[in-house]
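Scroll down for the structure; my scribbles are underneath it.
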Number of protein chains: 4
Amino acid sequence: MQTRIEVGILGATGMVGQHFIRFLQGHPWFHLKWLGASDRSAGKKYADAMTWHLAGTTPDAVANLTVEDCKPGNAPRLLFSAMDASVATEIERAFAEAGHVVVSNSRNHRMERDVPLLVPEINPDHLKLVPMQQRLRGWKGQIVTNPNCSTVVLTMGLAPLKPFGITRVIATTMQAISGAGYPGVPSMDIVGNVVPFIGGEEEKMEQETQKILGEFCGDHVEPLPARVSAHCNRVPVVDGHTVTVSVELSLKPSEADLRRAFDTFTGVPQQRQLPSAPLRPVIYMEQANRPQPRKDAERERGMAAFIGRLRPCPALDYKFVALGHNTVRGAAGAAVLNAELMHSEGMLD
Amino acid sequence: MQTRIEVGILGATGMVGQHFIRFLQGHPWFHLKWLGASDRSAGKKYADAMTWHLAGTTPDAVANLTVEDCKPGNAPRLLFSAMDASVATEIERAFAEAGHVVVSNSRNHRMERDVPLLVPEINPDHLKLVPMQQRLRGWKGQIVTNPNCSTVVLTMGLAPLKPFGITRVIATTMQAISGAGYPGVPSMDIVGNVVPFIGGEEEKMEQETQKILGEFCGDHVEPLPARVSAHCNRVPVVDGHTVTVSVELSLKPSEADLRRAFDTFTGVPQQRQLPSAPLRPVIYMEQANRPQPRKDAERERGMAAFIGRLRPCPALDYKFVALGHNTVRGAAGAAVLNAELMHSEGMLD
Amino acid sequence: MQTRIEVGILGATGMVGQHFIRFLQGHPWFHLKWLGASDRSAGKKYADAMTWHLAGTTPDAVANLTVEDCKPGNAPRLLFSAMDASVATEIERAFAEAGHVVVSNSRNHRMERDVPLLVPEINPDHLKLVPMQQRLRGWKGQIVTNPNCSTVVLTMGLAPLKPFGITRVIATTMQAISGAGYPGVPSMDIVGNVVPFIGGEEEKMEQETQKILGEFCGDHVEPLPARVSAHCNRVPVVDGHTVTVSVELSLKPSEADLRRAFDTFTGVPQQRQLPSAPLRPVIYMEQANRPQPRKDAERERGMAAFIGRLRPCPALDYKFVALGHNTVRGAAGAAVLNAELMHSEGMLD
Amino acid sequence: MQTRIEVGILGATGMVGQHFIRFLQGHPWFHLKWLGASDRSAGKKYADAMTWHLAGTTPDAVANLTVEDCKPGNAPRLLFSAMDASVATEIERAFAEAGHVVVSNSRNHRMERDVPLLVPEINPDHLKLVPMQQRLRGWKGQIVTNPNCSTVVLTMGLAPLKPFGITRVIATTMQAISGAGYPGVPSMDIVGNVVPFIGGEEEKMEQETQKILGEFCGDHVEPLPARVSAHCNRVPVVDGHTVTVSVELSLKPSEADLRRAFDTFTGVPQQRQLPSAPLRPVIYMEQANRPQPRKDAERERGMAAFIGRLRPCPALDYKFVALGHNTVRGAAGAAVLNAELMHSEGMLD
């Protein structure tokens with residue numbers, strides 16, 4: 001077996017950090033060796049620095065690591081960032097400036113002009129922003145980001161349809177509580193209830209979707225010129241964001257065209273058989289009442305998007321349902337797949 | 001106190017029937033005296049003929065009534081129908097033919113050309129279809145219907161906007177389990193889950209909305225010429241359907257225009273102070289994260305629609321959230337309000 | 001109508017404070033005029049000082065009251081305390097010392113030797129501790145407490161059985177999330193889950209039960225000499241604590257004896273028809289699968305305890321299920337009923 | 001690789017049957033080749049004969065099998081029975097008479113005097129009932145059963161304590177909805193609710209526990225002479241039964257004794273490393289608020305019991321919490337482990 005690349009996590013004690021730890025267990029390329037967190041945790045054994053909120057218990061190999069300050073120094077070159085948005089901007093920049101490859105799940109840099117907002121099956125060429133980023137900022141390192149958890153689901157549902165000319169999208173999300181971290185949503189707000197608002201989420205979905213589906217044009221990404229509207233809701237589901245989508249397509253394809261597009265969609269991660277790539281990134285389900293979060297989100301290790309109920313939309317052209325695992329494909333798994341793509345491009349050498 | 005009008009319920013043992021029983025308790029105009037159900041129940045005391053599925057226990061006055069066959073005969077003239085769609089067509093017709101006023105919650109006759117599909121605040125003039133219905137069918141009685149539970153919420157949210165020229169609507173519902181009756185949705189399908197499909201529901205919402213918001217034109221209702229698209233989902237909520245709505249309006253009003261329209265919307269039930277009419281049929285909530293089903297559906301005795309989050313829609317013109325109580329305003333309460341309107345029109349004399 | 005007694009709430013902005021506000025709406029004896037909270041809120045209009053977490057919206061009459069510091073001064077003589085345990089000890093004492101009648105829902109003083117821990121139907125004579133309390137502490141005012149929310153349910157289930165000689169009790173609770181206040185239990189911990197631990201709750205149930213069912217003996221309360229064991233669990237229920245109870249009774253009554261005891265149990269609040277007293281404090285339900293929190297807790301305005309499934313226990317003598325509304329009978333309603341009892345005793349004159 | 005033993009499932013289309021199918025996927029010893037179901041399904045492809053209710057989709061290898069009638073004939077010798085109790089008695093007997101080894105999850109034969117009610121870690125010697133069963137009934141085949149899903153959890157929690165002389169047990173369950181099969185519990189009964197009754201469950205837990213922990217005495221099992229009392233409740237949890245237990249022990253061990261007993265408990269399946277045996281059958285969790293069904297039930301492939309919160313019980317001697325996966329260790333996994341034990345005894349040769 002080849003030597004694995006040592007990696008670290010910025011913001012390792014929070015819930016997203018825990019998702020990274022779980023997802024990286026047994027990873028064939030990346031070896032988790034370093035955990036960074038706030039001053040409050042630094043110096044403690046990981047097991048003593050946090051409460052484990054995921055299923056099961058803290059993996060043994062990680063439980064005994066000592067938590068470090070989030071400052072460049074002895075950290076590995078490749079770092080996954082699970083930092084809270086309130087602190088991510090400065091810390092991620094400091095690491096990138098110091099030469100680290102920061103593969104971030106935080107929202108802070110996603111919409112910056114020279115930062116790739118990457119979904120490896122959709123826009124791997126957006127990685128070409130990196131040299132520009134390094135040049136403009138004078139960095140040896142770099143920041144590469146993955147989208148917001150609900151954006152991933154929407155864009156994986158839309159990407160197969162891009163050839164048909166997406167001009168208008170209306171999406172309504174029913175988002176899982178795990179998307180809000182820990183302690184996150186108070187149970188008094190969500191048990192037996194729907195909360196029709198998630199702060200900042202709609203704006204993220206609308207803008208990030210345009211960037212991800214946009215075209216790399218030499219020195220920037222030209223956003224997809226589609227009108228995108230999102231309604232974001234929280235529902236009492238543990239994992240898995242469900243999204244209903246109505247879409248207008250300029251080329252007026254047939255339903256069979258769209259179905260074929262879903263069924264044949266594939267990308268670079270599949271071609272290169274990246275370790276975390278699902279066999280097929282988009283899986284269309286025939287059953288009338290699927291996909292469903294509790295029954296489908298965890299299939300394919302949580303890395304695929306599930307589509308169902310494709311049918312004509314009386315108001316736009318077509319409508320369908322999309323589902324994805326928000327803490328895997330929508331967070332930790334997304335970032336790890338980004339790093340795998342970067343490694344396959346030689347960017348981690 | 002004036003003598004109350006005796007009323008009966010067709011399909012009294014099912015869950016919708018139970019909602020009628022509860023809603024009619026203490027009604028100032030209507031006195032529940034007669035309960036009809038299937039052969040299986042006929043002849044039994046009501047308390048012995050069913051299991052009570054609602055909160056609390058069967059009201060005493062009703063528990064001791066004897067259940068009758070659903071055949072015209074000794075039934076009161078005014079009947080609320082809570083019948084299952086599988087049997088409602090023939091039985092409701094038989095009663096109407098025999099001279100009964102059938103105020104039905106069943107879907108069977110809603111879309112028939114000569115049957116009013118009534119929301120008293122929106123289209124009270126659709127009652128003018130009744131004389132035609134009686135003439136065409138040779139009936140002394142009549143059938144008047146209320147909409148599907150999710151349609152009510154959507155149309156009460158749209159009605160205030162009708163003056164601005166509704167041309168396109170995309171609605172996504174998050175519907176409560178009580179909408180499916182009893183036993184209804186198996187818990188294995190919905191606990192911690194979303195089911196993105198409810199059989200026939202989307203078609204009902206799309207067509208009924210056009211009819212309700214349509215214009216009475218002498219001898220028929222001309223449907224609203226808007227393109228209406230519905231995405232219907234079941235969520236683990238007990239009572240209250242939440243709907244996200246994007247709408248296109250030909251007159252391009254300002255957001256303030258729409259807000260004023262919501263705030264000032266009122267109708268005949270309010271003017272006549274019908275007993276079950278809410279003080280205001282549409283209540284706009286300022287809070288960023290409202291309305292919510294568990295916190296708002298039961299306000300105003302479940303008879304109002306709650307609106308929130310009005311804002312521009314990047315894909316159509318505006319978007320907002322609507323909420324209503326599906327078993328009250330969406331079923332039993334809707335039918336009772338219909339009967340109250342009819343009484344105020346002298347149609348029950 | 002007689003002049004109502006002015007009352008205030010200590011800790012008015014928290015969730016328990018909000019329950020007091022809701023419960024006191026329209027109270028025939030008590031008029032809510034004063035709201036106390038922390039420095040942070042003092043001086044603000046109530047509506048601006050908190051987020052309303054209960055169903056519906058803040059009652060208008062209260063929304064415009066100005067929040068005061070929790071310091072004796074212009075507060076009414078009768079104060080309901082909804083204070084957090086971290087601050088209640090000193091503040092409640094300060095008010096009692098200054099002559100106020102503090103009717104507290106906080107746990108801080110419940111187990112003190114000279115403080116009544118009151119359930120008006122069970123131990124109204126424990127109010128006789130008050131003169132001793134005033135003498136010993138040199139207070140003009142006083143502190144009277146109600147039990148922990150799960151204790152109320154258990155003791156109302158046990159009180160009718162006390163004449164049969166309770167010697168051993170094992171109770172397992174399934175407690176609603178509203179018992180933990182706001183933000184309270186994170187949804188990630190409880191959606192689709194059971195948490196078999198609530199800090200300090202088992203000790204409270206065990207000790208408080210012995211005190212409440214104990215005998216007033218001239219200058220103190222002699223605890224019930226029964227061995228009481230509690231297992232406390234949190235379940236995904238919004239309101240209503242369900243408790244399974246096994247009990248050993250020294251007099252070995254028949255099942256019919258016990259059933260009669262439940263059916264005939266009544267107390268001083270019923271005899272005096274106190275405004276918040278349920279018609280019957282303990283209601284036995286015949287149905288095999290009741291009581292249930294979502295269907296029964298809100299009956300009788302949330303002020304009764306519901307009992308069901310009385311049957312022999314192979315390990316002790318009998319077993320049954322008890323249910324009560326934790327934020328009404330288990331908190332705000334309990335305290336208000338305490339104050340009503342005190343008023344009926346002339347203690348508020 | 002050695003040839004695998006061909007096996008079949010009686011009652012393959014129901015939810016328990018589906019759990020067997022899932023659990024047997026990739027089994028190293030058993031090869032699922034035969035599916036039996038009712039007349040209605042016989043002759044159809046499995047995929048067409050049922051709706052798959054578990055997570056994911058029907059395993060491909062099974063989807064294409066043809067469903068057979070539940071009659072002896074071409075069925076493999078080893079059959080797992082997932083039959084509904086309403087039909088299991090006759091059908092299981094017919095197969096056993098015809099020479100089949102019926103390893104049954106159904107309750108029908110569990111309490112028969114000559115039928116082993118087996119938990120391989122607890123009472124493997126109860127298999128000695130089989131020769132007597134065959135002699136008495138004149139069967140070449142046999143019936144071996146596993147306990148009710150809640151009984152397994154309780155007995156695995158009690159087995160380590162058996163050496164200390166169990167004399168009294170009071171257990172309260174909080175049972176997952178998956179234990180009721182499909183459609184099972186209506187969502188209107190359980191969302192946001194507790195149902196304090198499961199028909200027949202308490203009797204099963206009380207009697208089965210005594211038999212499982214009883215002693216094989218030459219020609220029968222002498223039940224454990226302990227007084228066992230169960231309170232059974234349904235809660236809105238998908239998988240995993242949680243049980244609170246109070247226990248009286250005649251030898252009055254220390255808490256440390258019990259803790260050691262939990263930590264060191266092991267059995268024949270572990271010694272023989274049976275394929276479905278968990279590394280340790282009973283896992284004690286130190287955390288104050290564990291085990292929890294959503295976080296722990298699926299660990300160890302759902303085959304271990306998790307114990308926590310051991311502490312003195314004021315009413316009996318000790319109390320603790322036990323948790324197990326009801327459809328794995330409590331059903332399909334239990335039966336498969338039984339068959340593995342039987343194979344390791346040479347009973348399938």
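Numbering starts fresh at 1 for the residues of each chain in the structure tokens, the chains themselves are lettered A, B, ... in the order given, and ligands are numbered from 1 as they appear.
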Alpha helix (DSSP H) residues, from DSSP on the backbone, in range 12-91 of chain D, as a PyMOL selection string
chain D and resi 15-24+46-49+60-63+85-91
Output file for the residues above (N, CA and C atoms, as a short mmCIF file (atom, residue, chain, number, x, y, z; two decimals), in the first residue's frame):
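Printed below is result20.cif as written:
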data_model
loop_
_atom_site.label_atom_id
_atom_site.label_comp_id
_atom_site.auth_asym_id
_atom_site.auth_seq_id
_atom_site.Cartn_x
_atom_site.Cartn_y
_atom_site.Cartn_z
N MET D 15 -42.77 -7.57 6.24
CA MET D 15 -41.64 -6.75 6.64
C MET D 15 -40.57 -7.58 7.35
N VAL D 16 -40.98 -8.54 8.18
CA VAL D 16 -39.97 -9.37 8.84
C VAL D 16 -39.23 -10.19 7.79
N GLY D 17 -39.96 -10.68 6.81
CA GLY D 17 -39.31 -11.40 5.72
C GLY D 17 -38.26 -10.54 5.03
N GLN D 18 -38.59 -9.30 4.84
CA GLN D 18 -37.63 -8.39 4.20
C GLN D 18 -36.39 -8.19 5.08
N HIS D 19 -36.62 -8.14 6.39
CA HIS D 19 -35.45 -8.04 7.28
C HIS D 19 -34.57 -9.27 7.16
N PHE D 20 -35.17 -10.45 7.04
CA PHE D 20 -34.37 -11.66 6.84
C PHE D 20 -33.56 -11.55 5.55
N ILE D 21 -34.21 -11.10 4.49
CA ILE D 21 -33.52 -10.98 3.20
C ILE D 21 -32.32 -10.06 3.34
N ARG D 22 -32.54 -8.93 3.97
CA ARG D 22 -31.43 -8.00 4.12
C ARG D 22 -30.31 -8.58 4.98
N PHE D 23 -30.71 -9.22 6.09
CA PHE D 23 -29.68 -9.72 7.00
C PHE D 23 -28.88 -10.87 6.37
N LEU D 24 -29.51 -11.63 5.50
CA LEU D 24 -28.82 -12.79 4.91
C LEU D 24 -27.94 -12.41 3.72
N TYR D 46 -40.40 -12.14 -6.95
CA TYR D 46 -40.44 -11.48 -5.64
C TYR D 46 -40.65 -9.97 -5.78
N ALA D 47 -39.94 -9.37 -6.71
CA ALA D 47 -40.04 -7.91 -6.87
C ALA D 47 -41.46 -7.47 -7.18
N ASP D 48 -42.23 -8.34 -7.81
CA ASP D 48 -43.61 -7.99 -8.16
C ASP D 48 -44.60 -8.37 -7.06
N ALA D 49 -44.15 -9.18 -6.12
CA ALA D 49 -45.07 -9.72 -5.12
C ALA D 49 -45.19 -8.86 -3.86
N ASP D 60 -30.78 -7.30 -5.64
CA ASP D 60 -31.01 -7.84 -6.98
C ASP D 60 -31.17 -9.35 -7.01
N ALA D 61 -30.32 -10.05 -6.29
CA ALA D 61 -30.32 -11.51 -6.36
C ALA D 61 -31.66 -12.08 -5.90
N VAL D 62 -32.31 -11.35 -5.02
CA VAL D 62 -33.57 -11.84 -4.47
C VAL D 62 -34.76 -11.34 -5.29
N ALA D 63 -34.63 -10.18 -5.87
CA ALA D 63 -35.75 -9.56 -6.58
C ALA D 63 -36.29 -10.48 -7.68
N ALA D 85 -48.36 -14.48 12.91
CA ALA D 85 -48.84 -15.40 13.95
C ALA D 85 -50.16 -16.06 13.58
N SER D 86 -50.93 -15.38 12.74
CA SER D 86 -52.25 -15.93 12.41
C SER D 86 -52.17 -17.22 11.60
N VAL D 87 -51.04 -17.47 10.97
CA VAL D 87 -50.92 -18.68 10.14
C VAL D 87 -49.72 -19.56 10.49
N ALA D 88 -48.87 -19.06 11.37
CA ALA D 88 -47.60 -19.76 11.59
C ALA D 88 -47.77 -21.14 12.20
N THR D 89 -48.73 -21.32 13.08
CA THR D 89 -48.80 -22.58 13.82
C THR D 89 -48.83 -23.79 12.89
N GLU D 90 -49.81 -23.81 12.03
CA GLU D 90 -49.97 -24.98 11.16
C GLU D 90 -48.84 -25.13 10.15
N ILE D 91 -48.47 -24.02 9.56
CA ILE D 91 -47.46 -24.11 8.48
C ILE D 91 -46.11 -24.53 9.03
#
For Val245 in chain B: contacts at 7 Å, only C-alpha atoms, fewer than 4 positions along chain excluded, given as a PDB file with C-alpha atoms, in the first residue's frame:
ATOM      1  CA  VAL B 169     -48.377  29.682  -9.713  1.00  0.00           C
ATOM      2  CA  ILE B 170     -45.923  27.102  -8.420  1.00  0.00           C
ATOM      3  CA  ALA B 171     -46.810  25.649  -5.032  1.00  0.00           C
ATOM      4  CA  THR B 172     -45.016  23.048  -2.910  1.00  0.00           C
ATOM      5  CA  LYS B 319     -43.073  34.245  -3.211  1.00  0.00           C
ATOM      6  CA  PHE B 320     -44.589  33.592   0.191  1.00  0.00           C
ATOM      7  CA  VAL B 321     -45.601  30.901   2.669  1.00  0.00           C
TER       8      VAL B 321
END
Output as a list in words the set of chain C residues within 8 Å of chain B, with distances taken over only C-alpha atoms.
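Listed by rising number, the hits are Leu54, Ala55, Gly56, Val191, Gly192, Arg294, Lys295, Asp296 and Arg299 of chain C.
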Put those residues in a file: N, CA and C atoms, as a short mmCIF file (atom, residue, chain, number, x, y, z; two decimals), in the first residue's frame.
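Output file result-v8.cif follows:
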data_model
loop_
_atom_site.label_atom_id
_atom_site.label_comp_id
_atom_site.auth_asym_id
_atom_site.auth_seq_id
_atom_site.Cartn_x
_atom_site.Cartn_y
_atom_site.Cartn_z
N LEU C 54 -44.41 29.90 22.50
CA LEU C 54 -45.60 29.05 22.58
C LEU C 54 -46.44 29.21 21.32
N ALA C 55 -47.47 28.40 21.24
CA ALA C 55 -48.39 28.51 20.11
C ALA C 55 -48.99 29.90 20.08
N GLY C 56 -49.37 30.36 18.90
CA GLY C 56 -49.97 31.67 18.76
C GLY C 56 -48.97 32.77 18.99
N VAL C 191 -35.14 13.86 18.00
CA VAL C 191 -35.99 13.45 16.88
C VAL C 191 -35.74 11.96 16.59
N GLY C 192 -36.79 11.16 16.63
CA GLY C 192 -36.65 9.72 16.39
C GLY C 192 -35.80 9.02 17.42
N ARG C 294 -50.49 13.08 23.39
CA ARG C 294 -50.99 14.00 22.36
C ARG C 294 -52.51 14.06 22.36
N LYS C 295 -53.16 12.99 22.80
CA LYS C 295 -54.62 12.97 22.74
C LYS C 295 -55.28 13.40 24.05
N ASP C 296 -54.58 13.30 25.17
CA ASP C 296 -55.25 13.53 26.44
C ASP C 296 -54.69 14.68 27.29
N ARG C 299 -56.76 17.93 27.70
CA ARG C 299 -58.14 17.89 28.18
C ARG C 299 -58.22 18.54 29.57
#
Go through C:Asn289, C:Gln133, C:Gln142, C:Thr244 and flag the residue nearest Gly199 in chain D, using only C-alpha atoms for the distances.
C:Asn289
Skip Cys313 in chain B itself and residues of its chain fewer than 4 positions away, then list as an MDAnalysis selection string all residues within 9 Å of it, counting only C-alpha atoms.
(chainID A and resid 170 228:230) or (chainID B and resid 246:248 317:320)
Quick one: write out the picked residues with C-alpha atoms as a PDB file, in the first residue's frame?
ATOM      1  CA  ILE A 170     -37.911  27.206  -8.617  1.00  0.00           C
ATOM      2  CA  VAL A 228     -33.125  30.677  -9.677  1.00  0.00           C
ATOM      3  CA  SER A 229     -35.559  30.945  -6.770  1.00  0.00           C
ATOM      4  CA  ALA A 230     -35.362  28.937  -3.546  1.00  0.00           C
TER       5      ALA A 230
ATOM      6  CA  SER B 246     -44.247  31.468  -6.157  1.00  0.00           C
ATOM      7  CA  VAL B 247     -46.610  33.579  -8.225  1.00  0.00           C
ATOM      8  CA  GLU B 248     -46.493  35.581 -11.438  1.00  0.00           C
ATOM      9  CA  ASP B 317     -42.700  37.768  -9.345  1.00  0.00           C
ATOM     10  CA  TYR B 318     -43.301  37.109  -5.648  1.00  0.00           C
ATOM     11  CA  LYS B 319     -43.073  34.245  -3.211  1.00  0.00           C
ATOM     12  CA  PHE B 320     -44.589  33.592   0.191  1.00  0.00           C
TER      13      PHE B 320
END
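In this model, the gap between CA of Val152 in chain B and CA of Met205 in chain B comes to 8.7 Å.
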Gly324 in chain C environment, 8 Å, only C-alpha atoms, sequence neighbours closer than 3 positions dropped, as a PDB file with N, CA and C atoms, in the first residue's frame:
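Everything below was put into out.pdb:
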ATOM      1  N   VAL C 152     -45.533  15.777  39.806  1.00  0.00           N
ATOM      2  CA  VAL C 152     -46.977  16.038  39.910  1.00  0.00           C
ATOM      3  C   VAL C 152     -47.764  14.857  39.344  1.00  0.00           C
ATOM      4  N   VAL C 153     -47.351  14.397  38.193  1.00  0.00           N
ATOM      5  CA  VAL C 153     -48.083  13.302  37.549  1.00  0.00           C
ATOM      6  C   VAL C 153     -48.054  12.062  38.444  1.00  0.00           C
ATOM      7  N   GLY C 240     -46.888  16.812  27.709  1.00  0.00           N
ATOM      8  CA  GLY C 240     -47.488  15.677  28.404  1.00  0.00           C
ATOM      9  C   GLY C 240     -46.471  14.639  28.815  1.00  0.00           C
ATOM     10  N   HIS C 241     -46.354  14.442  30.120  1.00  0.00           N
ATOM     11  CA  HIS C 241     -45.447  13.418  30.641  1.00  0.00           C
ATOM     12  C   HIS C 241     -46.259  12.154  30.917  1.00  0.00           C
ATOM     13  N   THR C 242     -45.798  11.028  30.373  1.00  0.00           N
ATOM     14  CA  THR C 242     -46.415   9.733  30.604  1.00  0.00           C
ATOM     15  C   THR C 242     -45.545   8.973  31.602  1.00  0.00           C
ATOM     16  N   PRO C 293     -50.262  11.121  25.566  1.00  0.00           N
ATOM     17  CA  PRO C 293     -49.994  12.556  25.742  1.00  0.00           C
ATOM     18  C   PRO C 293     -50.632  13.435  24.666  1.00  0.00           C
ATOM     19  N   ALA C 297     -53.422  15.030  27.086  1.00  0.00           N
ATOM     20  CA  ALA C 297     -52.820  15.978  28.038  1.00  0.00           C
ATOM     21  C   ALA C 297     -53.571  17.302  28.113  1.00  0.00           C
ATOM     22  N   GLY C 302     -55.712  20.960  30.752  1.00  0.00           N
ATOM     23  CA  GLY C 302     -54.384  20.521  31.152  1.00  0.00           C
ATOM     24  C   GLY C 302     -54.214  20.371  32.647  1.00  0.00           C
ATOM     25  N   MET C 303     -55.302  20.443  33.431  1.00  0.00           N
ATOM     26  CA  MET C 303     -55.190  20.461  34.887  1.00  0.00           C
ATOM     27  C   MET C 303     -55.483  19.115  35.551  1.00  0.00           C
ATOM     28  N   ALA C 304     -55.940  18.124  34.810  1.00  0.00           N
ATOM     29  CA  ALA C 304     -56.219  16.822  35.424  1.00  0.00           C
ATOM     30  C   ALA C 304     -55.068  15.849  35.170  1.00  0.00           C
ATOM     31  N   ALA C 305     -55.020  14.812  35.995  1.00  0.00           N
ATOM     32  CA  ALA C 305     -54.127  13.692  35.713  1.00  0.00           C
ATOM     33  C   ALA C 305     -54.986  12.560  35.151  1.00  0.00           C
ATOM     34  N   PHE C 306     -54.482  11.887  34.145  1.00  0.00           N
ATOM     35  CA  PHE C 306     -55.220  10.794  33.528  1.00  0.00           C
ATOM     36  C   PHE C 306     -54.532   9.478  33.868  1.00  0.00           C
ATOM     37  N   ARG C 329     -50.409  21.510  34.434  1.00  0.00           N
ATOM     38  CA  ARG C 329     -50.491  20.937  35.774  1.00  0.00           C
ATOM     39  C   ARG C 329     -49.108  20.739  36.384  1.00  0.00           C
ATOM     40  N   GLY C 330     -48.102  20.636  35.537  1.00  0.00           N
ATOM     41  CA  GLY C 330     -46.747  20.407  36.044  1.00  0.00           C
ATOM     42  C   GLY C 330     -45.950  21.680  36.239  1.00  0.00           C
TER      43      GLY C 330
END
Compile the contact shell of Asn233 in chain A as a tab-separated table (two decimals) with C-alpha atoms, in the first residue's frame: residues with an atom at most 8 Å away, counting only C-alpha atoms, same-chain residues fewer than 3 positions apart removed.
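Output (around_2.tsv):
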chain	number	residue	atom	x	y	z
A	172	THR	CA	-38.44	24.22	-2.43
A	173	THR	CA	-36.32	22.41	0.14
A	174	MET	CA	-37.34	20.23	3.07
A	175	GLN	CA	-34.09	20.17	4.99
A	194	VAL	CA	-42.12	22.81	9.79
A	195	VAL	CA	-40.03	25.97	10.01
A	196	PRO	CA	-40.36	27.80	6.68
A	197	PHE	CA	-37.15	29.78	7.05
A	198	ILE	CA	-33.42	29.11	7.28
Using only C-alpha atoms, which residues sit within 12 Å of range 255-265 of chain A once same-chain residues fewer than 4 positions away are excluded, as a PyMOL selection string?
chain A and resi 121-122+156-165+247+249+251+269-271+278-286+304-313+317-320+322
Restricting it to C-alpha atoms, dump the selection as an mmCIF file, in the first residue's frame.
data_model
loop_
_atom_site.group_PDB
_atom_site.id
_atom_site.type_symbol
_atom_site.label_atom_id
_atom_site.label_comp_id
_atom_site.auth_asym_id
_atom_site.auth_seq_id
_atom_site.Cartn_x
_atom_site.Cartn_y
_atom_site.Cartn_z
ATOM 1 C CA GLU A 121 -18.970 15.779 -11.358
ATOM 2 C CA ILE A 122 -20.202 19.172 -12.557
ATOM 3 C CA MET A 156 -26.713 17.570 -9.000
ATOM 4 C CA GLY A 157 -30.341 17.423 -10.055
ATOM 5 C CA LEU A 158 -29.882 20.267 -12.540
ATOM 6 C CA ALA A 159 -26.477 19.396 -13.993
ATOM 7 C CA PRO A 160 -27.794 16.617 -16.269
ATOM 8 C CA LEU A 161 -30.320 19.114 -17.673
ATOM 9 C CA LYS A 162 -27.812 21.867 -18.383
ATOM 10 C CA PRO A 163 -27.421 20.885 -22.053
ATOM 11 C CA PHE A 164 -31.105 21.679 -22.551
ATOM 12 C CA GLY A 165 -30.677 25.326 -21.603
ATOM 13 C CA VAL A 247 -37.407 24.003 -14.277
ATOM 14 C CA LEU A 249 -35.543 24.683 -20.400
ATOM 15 C CA LEU A 251 -34.508 23.747 -25.845
ATOM 16 C CA PRO A 269 -14.826 11.280 -10.402
ATOM 17 C CA GLN A 270 -16.469 8.259 -11.973
ATOM 18 C CA GLN A 271 -14.038 8.110 -14.875
ATOM 19 C CA PRO A 278 -20.405 6.996 -6.179
ATOM 20 C CA LEU A 279 -20.667 4.563 -9.067
ATOM 21 C CA ARG A 280 -23.266 6.892 -10.548
ATOM 22 C CA PRO A 281 -23.622 10.415 -9.174
ATOM 23 C CA VAL A 282 -27.308 10.708 -10.060
ATOM 24 C CA ILE A 283 -29.702 7.815 -9.568
ATOM 25 C CA TYR A 284 -33.206 8.024 -10.953
ATOM 26 C CA MET A 285 -35.813 6.057 -8.958
ATOM 27 C CA GLU A 286 -38.870 4.701 -10.757
ATOM 28 C CA ALA A 304 -25.202 10.062 -4.738
ATOM 29 C CA ALA A 305 -28.123 12.332 -5.520
ATOM 30 C CA PHE A 306 -31.446 10.588 -5.973
ATOM 31 C CA ILE A 307 -34.012 11.877 -8.437
ATOM 32 C CA GLY A 308 -37.621 10.881 -8.902
ATOM 33 C CA ARG A 309 -41.036 11.897 -10.142
ATOM 34 C CA LEU A 310 -39.926 13.575 -13.370
ATOM 35 C CA ARG A 311 -43.085 14.926 -15.014
ATOM 36 C CA PRO A 312 -44.287 17.978 -16.942
ATOM 37 C CA CYS A 313 -44.759 21.169 -14.927
ATOM 38 C CA ASP A 317 -41.483 22.919 -18.303
ATOM 39 C CA TYR A 318 -40.689 19.988 -16.031
ATOM 40 C CA LYS A 319 -40.722 19.169 -12.362
ATOM 41 C CA PHE A 320 -39.017 16.508 -10.243
ATOM 42 C CA ALA A 322 -34.150 15.521 -5.725
#
So which bits of range 160-321 of chain D end up strand (DSSP E or B) when you DSSP the backbone, as a ChimeraX atom specification?
/D:166-175,186,195,215-216,221-222,227-234,241-249,282-285,305-312,318-321
